[in-house]
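One structure below.
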Amino acid sequence: MAKKKITIEFDGYSILARKLKEIGGNAQKTAESAMKASHNLVTKKLNSAISFHKATGETEQSLDKTPAAIWTGDIGETKVGFNIADGGLPSIFLMYGTQVHGQPHIEPDRNLYDAIYSTKTRKEVQKIQREVYEKSIERAMKK
């Protein structure tokens, strides 16, 4: 799949971010840590789901395993998923399936799709992000 963007999004984010700034914590470093942890979780799930599709191994190798925070002003994001230009195009067909003459040809792989788009994954990402912020606040308060 073309890469999906992950940003910092969880209930109470603005409160924790404001508290972190008030006590002198490093907001950008914390956000980057949260995005890295989110990237690692989703990548681990995708790697596990794609391991069942090893005709050539090219799609599995196209999985972006390097977390990188991209900043646009104060908004940070990280991209997760398969690199289409480096052999990741089949991931789209695997996630959504294909049809020939209106009949299913390749059934969609729900595990692969859910690894990146499910509500469960989104909640796990939010939980990890919250934990990163809470730990950062605890460390800043100990200084």
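Chain labels A, B, ... are given in the sequence in which chains occur in the structure tokens; within each chain residues are numbered consecutively from 1, and ligands are likewise numbered from 1 in the order shown.
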Secondary structure check, alpha helix (DSSP H) residues of chain A, as a PDB file with N, CA and C atoms, in the first residue's frame:
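The file below, out-v9.pdb, is the result:
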```pdb
ATOM      1  N   TYR A  13      -4.278  14.619  24.170  1.00  0.00           N
ATOM      2  CA  TYR A  13      -2.958  14.987  23.635  1.00  0.00           C
ATOM      3  C   TYR A  13      -2.611  16.439  23.948  1.00  0.00           C
ATOM      4  N   SER A  14      -3.545  17.344  23.679  1.00  0.00           N
ATOM      5  CA  SER A  14      -3.246  18.769  23.866  1.00  0.00           C
ATOM      6  C   SER A  14      -2.931  19.085  25.332  1.00  0.00           C
ATOM      7  N   ILE A  15      -3.605  18.415  26.237  1.00  0.00           N
ATOM      8  CA  ILE A  15      -3.363  18.633  27.665  1.00  0.00           C
ATOM      9  C   ILE A  15      -1.960  18.162  28.046  1.00  0.00           C
ATOM     10  N   LEU A  16      -1.607  16.946  27.587  1.00  0.00           N
ATOM     11  CA  LEU A  16      -0.281  16.412  27.911  1.00  0.00           C
ATOM     12  C   LEU A  16       0.823  17.224  27.238  1.00  0.00           C
ATOM     13  N   ALA A  17       0.597  17.648  26.003  1.00  0.00           N
ATOM     14  CA  ALA A  17       1.609  18.450  25.297  1.00  0.00           C
ATOM     15  C   ALA A  17       1.819  19.785  26.006  1.00  0.00           C
ATOM     16  N   ARG A  18       0.735  20.415  26.446  1.00  0.00           N
ATOM     17  CA  ARG A  18       0.844  21.694  27.159  1.00  0.00           C
ATOM     18  C   ARG A  18       1.568  21.497  28.491  1.00  0.00           C
ATOM     19  N   LYS A  19       1.234  20.421  29.196  1.00  0.00           N
ATOM     20  CA  LYS A  19       1.876  20.144  30.478  1.00  0.00           C
ATOM     21  C   LYS A  19       3.375  19.902  30.289  1.00  0.00           C
ATOM     22  N   LEU A  20       3.719  19.185  29.225  1.00  0.00           N
ATOM     23  CA  LEU A  20       5.119  18.915  28.932  1.00  0.00           C
ATOM     24  C   LEU A  20       5.885  20.211  28.694  1.00  0.00           C
ATOM     25  N   LYS A  21       5.292  21.127  27.941  1.00  0.00           N
ATOM     26  CA  LYS A  21       5.943  22.415  27.674  1.00  0.00           C
ATOM     27  C   LYS A  21       6.077  23.230  28.957  1.00  0.00           C
ATOM     28  N   GLU A  22       5.048  23.210  29.790  1.00  0.00           N
ATOM     29  CA  GLU A  22       5.058  23.990  31.034  1.00  0.00           C
ATOM     30  C   GLU A  22       6.164  23.553  31.982  1.00  0.00           C
ATOM     31  N   ALA A  27       9.296  18.901  23.723  1.00  0.00           N
ATOM     32  CA  ALA A  27       8.092  18.484  23.013  1.00  0.00           C
ATOM     33  C   ALA A  27       8.407  17.814  21.680  1.00  0.00           C
ATOM     34  N   GLN A  28       9.372  18.350  20.942  1.00  0.00           N
ATOM     35  CA  GLN A  28       9.687  17.780  19.628  1.00  0.00           C
ATOM     36  C   GLN A  28      10.311  16.392  19.772  1.00  0.00           C
ATOM     37  N   LYS A  29      11.204  16.234  20.715  1.00  0.00           N
ATOM     38  CA  LYS A  29      11.842  14.931  20.938  1.00  0.00           C
ATOM     39  C   LYS A  29      10.796  13.902  21.378  1.00  0.00           C
ATOM     40  N   THR A  30       9.861  14.321  22.214  1.00  0.00           N
ATOM     41  CA  THR A  30       8.804  13.426  22.669  1.00  0.00           C
ATOM     42  C   THR A  30       7.910  13.021  21.506  1.00  0.00           C
ATOM     43  N   ALA A  31       7.550  13.981  20.671  1.00  0.00           N
ATOM     44  CA  ALA A  31       6.711  13.675  19.505  1.00  0.00           C
ATOM     45  C   ALA A  31       7.426  12.708  18.573  1.00  0.00           C
ATOM     46  N   GLU A  32       8.713  12.922  18.350  1.00  0.00           N
ATOM     47  CA  GLU A  32       9.476  12.020  17.487  1.00  0.00           C
ATOM     48  C   GLU A  32       9.552  10.614  18.083  1.00  0.00           C
ATOM     49  N   SER A  33       9.700  10.521  19.395  1.00  0.00           N
ATOM     50  CA  SER A  33       9.716   9.215  20.058  1.00  0.00           C
ATOM     51  C   SER A  33       8.370   8.517  19.912  1.00  0.00           C
ATOM     52  N   ALA A  34       7.293   9.275  20.042  1.00  0.00           N
ATOM     53  CA  ALA A  34       5.947   8.703  19.901  1.00  0.00           C
ATOM     54  C   ALA A  34       5.708   8.230  18.471  1.00  0.00           C
ATOM     55  N   MET A  35       6.164   9.014  17.503  1.00  0.00           N
ATOM     56  CA  MET A  35       5.991   8.606  16.106  1.00  0.00           C
ATOM     57  C   MET A  35       6.852   7.385  15.790  1.00  0.00           C
ATOM     58  N   LYS A  36       8.054   7.318  16.341  1.00  0.00           N
ATOM     59  CA  LYS A  36       8.929   6.169  16.120  1.00  0.00           C
ATOM     60  C   LYS A  36       8.304   4.909  16.714  1.00  0.00           C
ATOM     61  N   ALA A  37       7.767   5.022  17.922  1.00  0.00           N
ATOM     62  CA  ALA A  37       7.123   3.875  18.557  1.00  0.00           C
ATOM     63  C   ALA A  37       5.899   3.427  17.756  1.00  0.00           C
ATOM     64  N   SER A  38       5.142   4.394  17.228  1.00  0.00           N
ATOM     65  CA  SER A  38       3.977   4.074  16.403  1.00  0.00           C
ATOM     66  C   SER A  38       4.407   3.358  15.127  1.00  0.00           C
ATOM     67  N   HIS A  39       5.445   3.885  14.495  1.00  0.00           N
ATOM     68  CA  HIS A  39       5.972   3.289  13.270  1.00  0.00           C
ATOM     69  C   HIS A  39       6.424   1.851  13.521  1.00  0.00           C
ATOM     70  N   ASN A  40       7.129   1.642  14.610  1.00  0.00           N
ATOM     71  CA  ASN A  40       7.628   0.306  14.932  1.00  0.00           C
ATOM     72  C   ASN A  40       6.493  -0.688  15.153  1.00  0.00           C
ATOM     73  N   LEU A  41       5.432  -0.264  15.825  1.00  0.00           N
ATOM     74  CA  LEU A  41       4.286  -1.143  16.066  1.00  0.00           C
ATOM     75  C   LEU A  41       3.636  -1.552  14.752  1.00  0.00           C
ATOM     76  N   VAL A  42       3.311  -0.581  13.909  1.00  0.00           N
ATOM     77  CA  VAL A  42       2.630  -0.870  12.650  1.00  0.00           C
ATOM     78  C   VAL A  42       3.532  -1.698  11.736  1.00  0.00           C
ATOM     79  N   THR A  43       4.811  -1.371  11.690  1.00  0.00           N
ATOM     80  CA  THR A  43       5.747  -2.114  10.844  1.00  0.00           C
ATOM     81  C   THR A  43       5.858  -3.565  11.300  1.00  0.00           C
ATOM     82  N   LYS A  44       5.882  -3.780  12.605  1.00  0.00           N
ATOM     83  CA  LYS A  44       5.931  -5.147  13.137  1.00  0.00           C
ATOM     84  C   LYS A  44       4.693  -5.924  12.701  1.00  0.00           C
ATOM     85  N   LYS A  45       3.525  -5.298  12.789  1.00  0.00           N
ATOM     86  CA  LYS A  45       2.280  -5.959  12.383  1.00  0.00           C
ATOM     87  C   LYS A  45       2.269  -6.243  10.881  1.00  0.00           C
ATOM     88  N   LEU A  46       2.715  -5.281  10.084  1.00  0.00           N
ATOM     89  CA  LEU A  46       2.764  -5.474   8.631  1.00  0.00           C
ATOM     90  C   LEU A  46       3.759  -6.566   8.260  1.00  0.00           C
ATOM     91  N   ASN A  47       4.893  -6.574   8.911  1.00  0.00           N
ATOM     92  CA  ASN A  47       5.918  -7.584   8.634  1.00  0.00           C
ATOM     93  C   ASN A  47       5.393  -8.986   8.932  1.00  0.00           C
ATOM     94  N   SER A  48       4.652  -9.110  10.019  1.00  0.00           N
ATOM     95  CA  SER A  48       4.071 -10.397  10.378  1.00  0.00           C
ATOM     96  C   SER A  48       3.016 -10.822   9.356  1.00  0.00           C
ATOM     97  N   ALA A  49       2.181  -9.881   8.921  1.00  0.00           N
ATOM     98  CA  ALA A  49       1.100 -10.206   7.983  1.00  0.00           C
ATOM     99  C   ALA A  49       1.617 -10.504   6.582  1.00  0.00           C
ATOM    100  N   ILE A  50       2.654  -9.815   6.145  1.00  0.00           N
ATOM    101  CA  ILE A  50       3.168 -10.011   4.783  1.00  0.00           C
ATOM    102  C   ILE A  50       4.014 -11.277   4.691  1.00  0.00           C
ATOM    103  N   GLU A  58       9.864  -9.796  -2.724  1.00  0.00           N
ATOM    104  CA  GLU A  58      10.089  -8.397  -3.094  1.00  0.00           C
ATOM    105  C   GLU A  58       9.161  -7.447  -2.334  1.00  0.00           C
ATOM    106  N   THR A  59       7.906  -7.844  -2.187  1.00  0.00           N
ATOM    107  CA  THR A  59       6.952  -6.984  -1.472  1.00  0.00           C
ATOM    108  C   THR A  59       7.361  -6.848  -0.010  1.00  0.00           C
ATOM    109  N   GLU A  60       7.752  -7.939   0.591  1.00  0.00           N
ATOM    110  CA  GLU A  60       8.192  -7.903   1.987  1.00  0.00           C
ATOM    111  C   GLU A  60       9.408  -6.994   2.153  1.00  0.00           C
ATOM    112  N   GLN A  61      10.317  -7.030   1.193  1.00  0.00           N
ATOM    113  CA  GLN A  61      11.511  -6.198   1.269  1.00  0.00           C
ATOM    114  C   GLN A  61      11.200  -4.717   1.063  1.00  0.00           C
ATOM    115  N   PRO A  90       2.362  -4.844  -5.185  1.00  0.00           N
ATOM    116  CA  PRO A  90       1.494  -5.984  -4.892  1.00  0.00           C
ATOM    117  C   PRO A  90       0.774  -5.895  -3.544  1.00  0.00           C
ATOM    118  N   SER A  91       1.302  -5.101  -2.619  1.00  0.00           N
ATOM    119  CA  SER A  91       0.644  -4.981  -1.314  1.00  0.00           C
ATOM    120  C   SER A  91      -0.776  -4.451  -1.467  1.00  0.00           C
ATOM    121  N   ILE A  92      -1.000  -3.600  -2.446  1.00  0.00           N
ATOM    122  CA  ILE A  92      -2.344  -3.060  -2.689  1.00  0.00           C
ATOM    123  C   ILE A  92      -3.288  -4.182  -3.104  1.00  0.00           C
ATOM    124  N   PHE A  93      -2.835  -5.015  -4.038  1.00  0.00           N
ATOM    125  CA  PHE A  93      -3.676  -6.120  -4.518  1.00  0.00           C
ATOM    126  C   PHE A  93      -3.907  -7.154  -3.423  1.00  0.00           C
ATOM    127  N   LEU A  94      -2.915  -7.346  -2.567  1.00  0.00           N
ATOM    128  CA  LEU A  94      -3.069  -8.287  -1.468  1.00  0.00           C
ATOM    129  C   LEU A  94      -4.075  -7.775  -0.440  1.00  0.00           C
ATOM    130  N   MET A  95      -4.024  -6.480  -0.138  1.00  0.00           N
ATOM    131  CA  MET A  95      -4.933  -5.915   0.854  1.00  0.00           C
ATOM    132  C   MET A  95      -6.380  -5.868   0.373  1.00  0.00           C
ATOM    133  N   TYR A  96      -6.566  -5.489  -0.879  1.00  0.00           N
ATOM    134  CA  TYR A  96      -7.919  -5.271  -1.387  1.00  0.00           C
ATOM    135  C   TYR A  96      -8.440  -6.400  -2.259  1.00  0.00           C
ATOM    136  N   ARG A 110      -7.279  -9.765   4.914  1.00  0.00           N
ATOM    137  CA  ARG A 110      -7.751  -8.879   5.989  1.00  0.00           C
ATOM    138  C   ARG A 110      -6.675  -8.645   7.042  1.00  0.00           C
ATOM    139  N   ASN A 111      -5.829  -9.637   7.286  1.00  0.00           N
ATOM    140  CA  ASN A 111      -4.769  -9.453   8.282  1.00  0.00           C
ATOM    141  C   ASN A 111      -3.800  -8.362   7.855  1.00  0.00           C
ATOM    142  N   LEU A 112      -3.458  -8.348   6.573  1.00  0.00           N
ATOM    143  CA  LEU A 112      -2.552  -7.329   6.061  1.00  0.00           C
ATOM    144  C   LEU A 112      -3.209  -5.951   6.115  1.00  0.00           C
ATOM    145  N   TYR A 113      -4.468  -5.893   5.709  1.00  0.00           N
ATOM    146  CA  TYR A 113      -5.209  -4.632   5.740  1.00  0.00           C
ATOM    147  C   TYR A 113      -5.352  -4.130   7.183  1.00  0.00           C
ATOM    148  N   ASP A 114      -5.751  -5.027   8.075  1.00  0.00           N
ATOM    149  CA  ASP A 114      -5.976  -4.641   9.472  1.00  0.00           C
ATOM    150  C   ASP A 114      -4.695  -4.222  10.185  1.00  0.00           C
ATOM    151  N   ALA A 115      -3.565  -4.735   9.726  1.00  0.00           N
ATOM    152  CA  ALA A 115      -2.286  -4.386  10.360  1.00  0.00           C
ATOM    153  C   ALA A 115      -2.011  -2.895  10.300  1.00  0.00           C
ATOM    154  N   ILE A 116      -2.612  -2.222   9.340  1.00  0.00           N
ATOM    155  CA  ILE A 116      -2.353  -0.788   9.193  1.00  0.00           C
ATOM    156  C   ILE A 116      -3.614   0.058   9.377  1.00  0.00           C
ATOM    157  N   TYR A 117      -4.775  -0.468   9.024  1.00  0.00           N
ATOM    158  CA  TYR A 117      -5.984   0.358   8.993  1.00  0.00           C
ATOM    159  C   TYR A 117      -7.041   0.029  10.046  1.00  0.00           C
ATOM    160  N   THR A 119      -9.249  -0.481  13.508  1.00  0.00           N
ATOM    161  CA  THR A 119      -9.505   0.296  14.716  1.00  0.00           C
ATOM    162  C   THR A 119      -8.614  -0.191  15.851  1.00  0.00           C
ATOM    163  N   LYS A 120      -8.386  -1.489  15.903  1.00  0.00           N
ATOM    164  CA  LYS A 120      -7.528  -2.059  16.947  1.00  0.00           C
ATOM    165  C   LYS A 120      -6.114  -1.489  16.836  1.00  0.00           C
ATOM    166  N   THR A 121      -5.587  -1.445  15.624  1.00  0.00           N
ATOM    167  CA  THR A 121      -4.243  -0.893  15.426  1.00  0.00           C
ATOM    168  C   THR A 121      -4.210   0.576  15.796  1.00  0.00           C
ATOM    169  N   ARG A 122      -5.229   1.330  15.382  1.00  0.00           N
ATOM    170  CA  ARG A 122      -5.281   2.756  15.703  1.00  0.00           C
ATOM    171  C   ARG A 122      -5.301   2.965  17.221  1.00  0.00           C
ATOM    172  N   LYS A 123      -6.054   2.135  17.939  1.00  0.00           N
ATOM    173  CA  LYS A 123      -6.109   2.260  19.404  1.00  0.00           C
ATOM    174  C   LYS A 123      -4.771   1.892  20.039  1.00  0.00           C
ATOM    175  N   GLU A 124      -4.105   0.891  19.504  1.00  0.00           N
ATOM    176  CA  GLU A 124      -2.791   0.516  20.018  1.00  0.00           C
ATOM    177  C   GLU A 124      -1.781   1.639  19.795  1.00  0.00           C
ATOM    178  N   VAL A 125      -1.849   2.273  18.639  1.00  0.00           N
ATOM    179  CA  VAL A 125      -0.961   3.402  18.340  1.00  0.00           C
ATOM    180  C   VAL A 125      -1.234   4.543  19.315  1.00  0.00           C
ATOM    181  N   GLN A 126      -2.493   4.849  19.550  1.00  0.00           N
ATOM    182  CA  GLN A 126      -2.847   5.921  20.477  1.00  0.00           C
ATOM    183  C   GLN A 126      -2.366   5.610  21.886  1.00  0.00           C
ATOM    184  N   LYS A 127      -2.477   4.354  22.292  1.00  0.00           N
ATOM    185  CA  LYS A 127      -2.027   3.952  23.629  1.00  0.00           C
ATOM    186  C   LYS A 127      -0.515   4.131  23.763  1.00  0.00           C
ATOM    187  N   ILE A 128       0.220   3.706  22.747  1.00  0.00           N
ATOM    188  CA  ILE A 128       1.674   3.847  22.770  1.00  0.00           C
ATOM    189  C   ILE A 128       2.074   5.316  22.815  1.00  0.00           C
ATOM    190  N   GLN A 129       1.403   6.139  22.015  1.00  0.00           N
ATOM    191  CA  GLN A 129       1.720   7.564  21.988  1.00  0.00           C
ATOM    192  C   GLN A 129       1.463   8.202  23.345  1.00  0.00           C
ATOM    193  N   ARG A 130       0.341   7.870  23.967  1.00  0.00           N
ATOM    194  CA  ARG A 130       0.025   8.405  25.296  1.00  0.00           C
ATOM    195  C   ARG A 130       1.103   7.991  26.299  1.00  0.00           C
ATOM    196  N   GLU A 131       1.513   6.733  26.261  1.00  0.00           N
ATOM    197  CA  GLU A 131       2.532   6.248  27.193  1.00  0.00           C
ATOM    198  C   GLU A 131       3.851   6.987  27.016  1.00  0.00           C
ATOM    199  N   VAL A 132       4.227   7.255  25.771  1.00  0.00           N
ATOM    200  CA  VAL A 132       5.470   7.991  25.509  1.00  0.00           C
ATOM    201  C   VAL A 132       5.389   9.388  26.120  1.00  0.00           C
ATOM    202  N   TYR A 133       4.261  10.054  25.942  1.00  0.00           N
ATOM    203  CA  TYR A 133       4.095  11.397  26.504  1.00  0.00           C
ATOM    204  C   TYR A 133       4.096  11.364  28.026  1.00  0.00           C
ATOM    205  N   GLU A 134       3.404  10.388  28.615  1.00  0.00           N
ATOM    206  CA  GLU A 134       3.356  10.304  30.072  1.00  0.00           C
ATOM    207  C   GLU A 134       4.739  10.044  30.660  1.00  0.00           C
ATOM    208  N   LYS A 135       5.506   9.160  30.018  1.00  0.00           N
ATOM    209  CA  LYS A 135       6.869   8.883  30.503  1.00  0.00           C
ATOM    210  C   LYS A 135       7.763  10.110  30.352  1.00  0.00           C
ATOM    211  N   SER A 136       7.581  10.845  29.279  1.00  0.00           N
ATOM    212  CA  SER A 136       8.379  12.049  29.068  1.00  0.00           C
ATOM    213  C   SER A 136       8.065  13.084  30.135  1.00  0.00           C
ATOM    214  N   ILE A 137       6.808  13.217  30.495  1.00  0.00           N
ATOM    215  CA  ILE A 137       6.400  14.165  31.544  1.00  0.00           C
ATOM    216  C   ILE A 137       6.996  13.740  32.885  1.00  0.00           C
ATOM    217  N   GLU A 138       6.965  12.423  33.166  1.00  0.00           N
ATOM    218  CA  GLU A 138       7.547  11.921  34.418  1.00  0.00           C
ATOM    219  C   GLU A 138       9.044  12.242  34.488  1.00  0.00           C
ATOM    220  N   ARG A 139       9.753  12.022  33.384  1.00  0.00           N
ATOM    221  CA  ARG A 139      11.191  12.310  33.378  1.00  0.00           C
ATOM    222  C   ARG A 139      11.453  13.807  33.554  1.00  0.00           C
ATOM    223  N   ALA A 140      10.657  14.639  32.913  1.00  0.00           N
ATOM    224  CA  ALA A 140      10.842  16.084  33.012  1.00  0.00           C
ATOM    225  C   ALA A 140      10.564  16.579  34.439  1.00  0.00           C
ATOM    226  N   MET A 141       9.614  15.948  35.110  1.00  0.00           N
ATOM    227  CA  MET A 141       9.274  16.359  36.466  1.00  0.00           C
ATOM    228  C   MET A 141      10.363  15.969  37.470  1.00  0.00           C
ATOM    229  N   LYS A 142      11.129  14.936  37.163  1.00  0.00           N
ATOM    230  CA  LYS A 142      12.189  14.485  38.062  1.00  0.00           C
ATOM    231  C   LYS A 142      13.430  15.362  38.006  1.00  0.00           C
TER     232      LYS A 142
END
```
**Asked** Do you have the CA of Gly87 in chain A-CA of Leu63 in chain A distance handy?
**Response**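 Result for CA of Gly87 in chain A versus CA of Leu63 in chain A: 9.0 Å, one decimal.
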**Request:** May I ask which of the residues A:Pro104, A:Gly97, A:Leu89, A:Pro67 is the closest one to Lys5 in chain A, counting only C-alpha atoms?
**Result:** A:Pro67
**strand (DSSP E or B) per DSSP on the backbone: members of chain A, as a ChimeraX atom specification** = /A:4-6,63,70-72,75-80,82,98-100,103-106
Write to file, as a short mmCIF file (atom, residue, chain, number, x, y, z; two decimals), in the first residue's frame, the residues of the selection just made, with N, CA and C atoms.
```cif
data_model
loop_
_atom_site.label_atom_id
_atom_site.label_comp_id
_atom_site.auth_asym_id
_atom_site.auth_seq_id
_atom_site.Cartn_x
_atom_site.Cartn_y
_atom_site.Cartn_z
N LYS A 4 1.02 5.19 4.57
CA LYS A 4 0.02 5.89 5.37
C LYS A 4 0.75 6.80 6.33
N LYS A 5 0.17 7.97 6.57
CA LYS A 5 0.77 8.91 7.50
C LYS A 5 0.23 8.67 8.90
N ILE A 6 1.12 8.68 9.86
CA ILE A 6 0.73 8.58 11.27
C ILE A 6 1.14 9.89 11.94
N LEU A 63 8.87 -3.10 2.48
CA LEU A 63 8.32 -2.54 3.71
C LEU A 63 9.31 -1.56 4.30
N ILE A 70 8.75 13.53 9.86
CA ILE A 70 8.74 14.59 8.85
C ILE A 70 7.97 15.75 9.47
N TRP A 71 8.60 16.93 9.50
CA TRP A 71 7.99 18.09 10.14
C TRP A 71 7.57 19.12 9.10
N THR A 72 6.34 19.58 9.23
CA THR A 72 5.81 20.69 8.45
C THR A 72 5.35 21.73 9.46
N ILE A 75 3.72 20.50 12.87
CA ILE A 75 3.02 19.24 12.69
C ILE A 75 4.00 18.18 12.21
N GLY A 76 4.11 17.13 12.99
CA GLY A 76 5.01 16.03 12.65
C GLY A 76 4.22 14.81 12.23
N GLU A 77 4.83 14.02 11.36
CA GLU A 77 4.20 12.79 10.92
C GLU A 77 5.29 11.81 10.52
N THR A 78 4.92 10.56 10.48
CA THR A 78 5.81 9.52 9.98
C THR A 78 5.00 8.66 9.03
N LYS A 79 5.65 8.11 8.05
CA LYS A 79 4.96 7.28 7.07
C LYS A 79 5.27 5.82 7.33
N VAL A 80 4.24 4.99 7.23
CA VAL A 80 4.40 3.56 7.40
C VAL A 80 3.83 2.85 6.19
N PHE A 82 4.40 0.13 2.64
CA PHE A 82 5.26 -0.40 1.61
C PHE A 82 5.65 0.69 0.62
N THR A 98 -8.39 -8.89 -5.84
CA THR A 98 -8.59 -8.55 -7.25
C THR A 98 -9.80 -9.31 -7.78
N GLN A 99 -10.29 -8.87 -8.93
CA GLN A 99 -11.41 -9.53 -9.60
C GLN A 99 -11.07 -9.72 -11.06
N VAL A 100 -11.57 -10.82 -11.63
CA VAL A 100 -11.48 -11.07 -13.06
C VAL A 100 -12.90 -11.30 -13.53
N GLN A 103 -15.55 -11.58 -10.88
CA GLN A 103 -15.44 -12.66 -9.90
C GLN A 103 -14.13 -12.51 -9.12
N PRO A 104 -14.18 -12.80 -7.84
CA PRO A 104 -12.95 -12.70 -7.06
C PRO A 104 -11.85 -13.60 -7.62
N HIS A 105 -10.69 -13.03 -7.80
CA HIS A 105 -9.54 -13.79 -8.30
C HIS A 105 -8.56 -14.01 -7.15
N ILE A 106 -8.23 -12.93 -6.46
CA ILE A 106 -7.41 -13.01 -5.26
C ILE A 106 -8.25 -12.42 -4.14
#
```
**Item:** Pick from A:Lys3, A:His101, A:Ile8, A:Ser118 nearest to Asn83 in chain A, counting only C-alpha atoms
**Value:** A:Lys3
**Request:** Figure out the distance between CA of Ser51 in chain A and CA of Glu107 in chain A, please, to one decimal in Å.
**Result:**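 The value is 16.5 Å.
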